[in-house]
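Chemist: Structure incoming, see below.
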Amino acid sequence: MALQRLIDKCHYLFDGTNVPPTADVVSIICGMIDKVGPDDVALMDDVRLSNEINAAGCQEPPIITFKTISECENFTITVFLLPQGAAMPLHDHPGMTVFSKLLIGSAHIVSYDWVQPRVCTAAAGSVPEATLAQKVLDNEFTAASGAWVLFPDAGGNLHRFVAGEDGPCALLDVMTPRYSPTSETQERFAFYKDIPYELHPNVVNDDGEMTQEQKCRLAWLQEIDEPEDLRFSDLPYQGPPVV
C-alpha cells in the first residue's frame with residue numbers, strides 16, 4: 001500500500017532534527033507522496049463528514065477538518081480538508097520541512113521566505129513592526145501538480161492557501177520534525193498579514209533602485225493573533241490500518 005510504504009520510508013529517513021533533508025531524500029519522499037491517492041486515506045469519508053459539519057448551522061467561514069494518519073517524534077502525516085472557498089491564513093512552520101500534495105480539488109497558494117539578511121520596519125504609533133519577505137509561490141495547484149516541499153529557510157516556509165471554487169480540496173502534509181510547540185527547540189506556528197511593499201506606511205522612496213517587478217515580489221509581513229474565525233475539527237483516521 002502506497003501510504004504504508006510512505007510511512008515506512010519516513011521512519012527510515014527522518015531523524016527528527018530541524019536540519020533539512022538532503023536532495024536525495026526530498027526526491028524519494030516526493031516520489032512516494034505522489035503515489036498516495038484519495039482512496040489510500042479514506043478521503044471520501046472525510047468529505048462526507050466535512051459536509052455534515054459545515055451544513056449544520058451553515059457555518060461561515062467554513063470549518064476546516066483535519067486528521068492525523070501517523071505521528072512520532074520525527075514526523076507527522078496529516079490530511080487537511082478545506083471546503084469550497086475556505087482559506088488557511090498565512091502562517092509559518094518554524095524549523096520544519098513540510099512536504100505537501102493536493103489529493104483532490106484545487107487551491108491557490110501564496111508563499112514567502114524572509115529576505116536575508118532580515119529587513120524590518122520599527123513599530124511607530126499604531127503601525128506595528130513588519131519584516132520584509134519575498135514571494136516564492138503565487139499559483140494554482142491541483143492534484144495533478146504533484147508534491148512540493150518547503151524548508152525552514154527556503155521554499156516558501158510562510159504560506160496561505162485558499163480552496164478553489166470547484167469544490168473542496170484536500171492537502172496531504174508530511175511534516176518533519178513533528179510539530180511540538182511545547183518543546184525547548186521549536187517555536188509555535190505564527191500567523192501573518194501581508195502588505196504590498198509600496199503600501200506600508202513606513203516605506204520611503206527607493207529612488208528607482210528596484211524595478212516594479214521586483215517590488216511586486218516583495219511584501220511586508222506583520223505577525224498577528226490567530227484569526228478568531230479560524231476553526232478546525234479533528235476527525236478520526238478511519239482508513240486502511242497503518243503502523
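Naming scheme: A, B, ... for chains in displayed order of the C-alpha cells; residues 1 onward per chain; ligands 1 onward as shown.
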Got a sec: who's within 7 Å of Gly146 in chain A, counting only C-alpha atoms, leaving out chain neighbours fewer than 2 positions off, as a short mmCIF file (atom, residue, chain, number, x, y, z; two decimals) with C-alpha atoms, in the first residue's frame?

Modeler:
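Output (result-v3.cif):
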data_model
loop_
_atom_site.label_atom_id
_atom_site.label_comp_id
_atom_site.auth_asym_id
_atom_site.auth_seq_id
_atom_site.Cartn_x
_atom_site.Cartn_y
_atom_site.Cartn_z
CA ASP A 34 2.81 11.31 -5.45
CA LYS A 101 0.33 17.40 -2.15
CA ALA A 143 -3.95 17.04 -7.66
CA ALA A 144 -2.07 16.76 -10.95
CA TRP A 148 6.15 20.22 -3.38
#

Chemist: Do you know which residues are at most 9 Å from Ala190 in chain A counting only C-alpha atoms, after dropping those on the same chain fewer than 2 positions away, and could you put them as an mmCIF file with N, CA and C atoms, in the first residue's frame?

Modeler:
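This went into result.cif:
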data_model
loop_
_atom_site.group_PDB
_atom_site.id
_atom_site.type_symbol
_atom_site.label_atom_id
_atom_site.label_comp_id
_atom_site.auth_asym_id
_atom_site.auth_seq_id
_atom_site.Cartn_x
_atom_site.Cartn_y
_atom_site.Cartn_z
ATOM 1 N N LEU A 90 -2.261 32.970 6.225
ATOM 2 C CA LEU A 90 -0.806 32.987 6.113
ATOM 3 C C LEU A 90 -0.186 32.623 7.457
ATOM 4 N N HIS A 91 0.656 31.586 7.463
ATOM 5 C CA HIS A 91 1.289 31.107 8.690
ATOM 6 C C HIS A 91 2.642 30.507 8.352
ATOM 7 N N ASP A 92 3.434 30.270 9.370
ATOM 8 C CA ASP A 92 4.771 29.720 9.142
ATOM 9 C C ASP A 92 4.899 28.324 9.741
ATOM 10 N N HIS A 93 6.054 27.689 9.458
ATOM 11 C CA HIS A 93 6.390 26.372 10.007
ATOM 12 C C HIS A 93 7.826 26.457 10.540
ATOM 13 N N PRO A 94 8.016 27.106 11.689
ATOM 14 C CA PRO A 94 9.378 27.361 12.178
ATOM 15 C C PRO A 94 10.178 26.082 12.393
ATOM 16 N N GLU A 187 9.454 26.626 17.921
ATOM 17 C CA GLU A 187 8.539 27.731 18.151
ATOM 18 C C GLU A 187 7.122 27.343 17.724
ATOM 19 N N ARG A 188 6.150 28.052 18.252
ATOM 20 C CA ARG A 188 4.759 27.842 17.872
ATOM 21 C C ARG A 188 4.501 28.476 16.505
ATOM 22 N N TYR A 192 0.300 35.719 10.021
ATOM 23 C CA TYR A 192 0.797 36.989 9.494
ATOM 24 C C TYR A 192 -0.219 37.654 8.579
ATOM 25 N N GLU A 223 3.174 40.104 12.079
ATOM 26 C CA GLU A 223 2.634 38.998 12.867
ATOM 27 C C GLU A 223 1.333 39.434 13.525
ATOM 28 N N ILE A 224 0.338 38.551 13.471
ATOM 29 C CA ILE A 224 -0.977 38.834 14.040
ATOM 30 C C ILE A 224 -1.396 37.680 14.946
ATOM 31 N N ASP A 225 -2.431 37.901 15.724
ATOM 32 C CA ASP A 225 -3.000 36.821 16.516
ATOM 33 C C ASP A 225 -3.686 35.813 15.595
ATOM 34 N N GLU A 226 -3.840 34.600 16.074
ATOM 35 C CA GLU A 226 -4.588 33.622 15.295
ATOM 36 C C GLU A 226 -5.994 34.169 15.029
#

Chemist: Determine, counting only C-alpha atoms, which protein, DNA and RNA residues have an atom within 12 Å of an atom of Val47 in chain A; residues of the same chain fewer than 4 positions away are not included. Present the result as number ranges by chain.

Modeler: A: 38-39, 41-43, 51-55, 64-67, 79-84, 103-105, 167-170, 235

Chemist: For the atom pair CA of Val19 in chain A and CA of Tyr112 in chain A, what is the interatomic distance in Å to one decimal place?

Modeler: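 Going from CA of Val19 in chain A over to CA of Tyr112 in chain A covers 19.5 Å.
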
Chemist: Closest to Pro236 in chain A among A:Cys10, A:Thr78, A:Pro62, A:Cys72, using only C-alpha atoms?

Modeler: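 Distance minimum relative to Pro236 in chain A lands on A:Thr78.
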
Chemist: I'd like to know which of A:Arg48, A:Tyr197, A:Val119, A:Ser233 is closest to Glu213 in chain A, using only C-alpha atoms.

Modeler: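 Looking at the shortest contact to Glu213 in chain A, the residue is A:Tyr197.
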
Chemist: Can you pull out the residues contacting Lys9 in chain A? Cut-off 12 Å, using only C-alpha atoms, and skip same-chain residues under 5 positions away; I want them as a list of chain:residue names.

Modeler: A:Ala2, A:Leu3, A:Gln4, A:Phe14, A:Asp15, A:Val25, A:Val26, A:Ile28, A:Ile29, A:Cys30, A:Gly31, A:Met32, A:Ile33, A:Asn74, A:Phe75, A:Val174, A:Val243

Chemist: Kindly export the residues of the current selection with C-alpha atoms, as a PDB file, in the first residue's frame.

Modeler:
ATOM      1  CA  ALA A   2       1.340   3.413  -1.015  1.00  0.00           C
ATOM      2  CA  LEU A   3       0.522   5.053   2.323  1.00  0.00           C
ATOM      3  CA  GLN A   4       2.230   2.379   4.423  1.00  0.00           C
ATOM      4  CA  PHE A  14      13.794  11.252   9.103  1.00  0.00           C
ATOM      5  CA  ASP A  15      15.838  11.831  12.264  1.00  0.00           C
ATOM      6  CA  VAL A  25      15.689  12.262   0.498  1.00  0.00           C
ATOM      7  CA  VAL A  26      13.443  15.046  -0.818  1.00  0.00           C
ATOM      8  CA  ILE A  28      12.384   9.952  -2.592  1.00  0.00           C
ATOM      9  CA  ILE A  29       9.664  11.338  -0.297  1.00  0.00           C
ATOM     10  CA  CYS A  30       8.089  13.477  -3.031  1.00  0.00           C
ATOM     11  CA  GLY A  31       8.002  10.454  -5.319  1.00  0.00           C
ATOM     12  CA  MET A  32       6.276   8.350  -2.671  1.00  0.00           C
ATOM     13  CA  ILE A  33       3.767  11.082  -1.784  1.00  0.00           C
ATOM     14  CA  ASN A  74      10.375  12.502  13.930  1.00  0.00           C
ATOM     15  CA  PHE A  75       7.405  13.332  11.696  1.00  0.00           C
ATOM     16  CA  VAL A 174       4.279  15.266   5.800  1.00  0.00           C
ATOM     17  CA  VAL A 243       1.797   1.091  11.599  1.00  0.00           C
TER      18      VAL A 243
END

Chemist: Counting only C-alpha atoms, what is within 10 Å of Gly85 in chain A, bar same-chain residues fewer than 4 positions away, as a list of chain:residue names?

Modeler: A:Pro61, A:Pro62, A:Ser106, A:Ala107, A:His108, A:Phe161, A:Val162, A:Ala163, A:Gly164, A:Glu165, A:Asp166, A:Gly167, A:Pro168, A:Cys169

Chemist: Write out as a PyMOL selection string the residues lying within 12 Å of Leu158 in chain A, counting only C-alpha atoms and excluding same-chain residues fewer than 2 positions away.

Modeler: chain A and resi 88-98+109-114+133-137+149-156+160-161+189-194+219+221-223

Chemist: Ranking A:Tyr237, A:Ala122, A:Pro177, A:Asp229 by minimum distance to Pro20 in chain A and counting only C-alpha atoms, which one comes first?

Modeler: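 Residue with the minimum atom-to-atom distance to Pro20 in chain A: A:Pro177.
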
Chemist: Between A:Ala147, A:Val36, A:Ile7, A:Leu102, which has the minimum distance to Ile77 in chain A (counting only C-alpha atoms)?

Modeler: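 The shortest atom-to-atom distance to Ile77 in chain A comes from A:Ile7.
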
Chemist: Report, in Å to a single decimal, how far apart CA of Thr76 in chain A and CA of Arg231 in chain A are.

Modeler: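 We find that CA of Arg231 in chain A and CA of Thr76 in chain A lie 20.5 Å from each other.
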
Chemist: Just checking: using only C-alpha atoms, which residue out of A:Asp46, A:Ile63, A:Met175, A:Ser126 ends up closest to Phe232 in chain A?

Modeler: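 Ranked by minimum distance to Phe232 in chain A, first place goes to A:Ile63.
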
Chemist: If you measure from CA of Lys35 in chain A to CA of Ser180 in chain A, what distance in Å do you get, rounded to one decimal?

Modeler: 27.8 Å
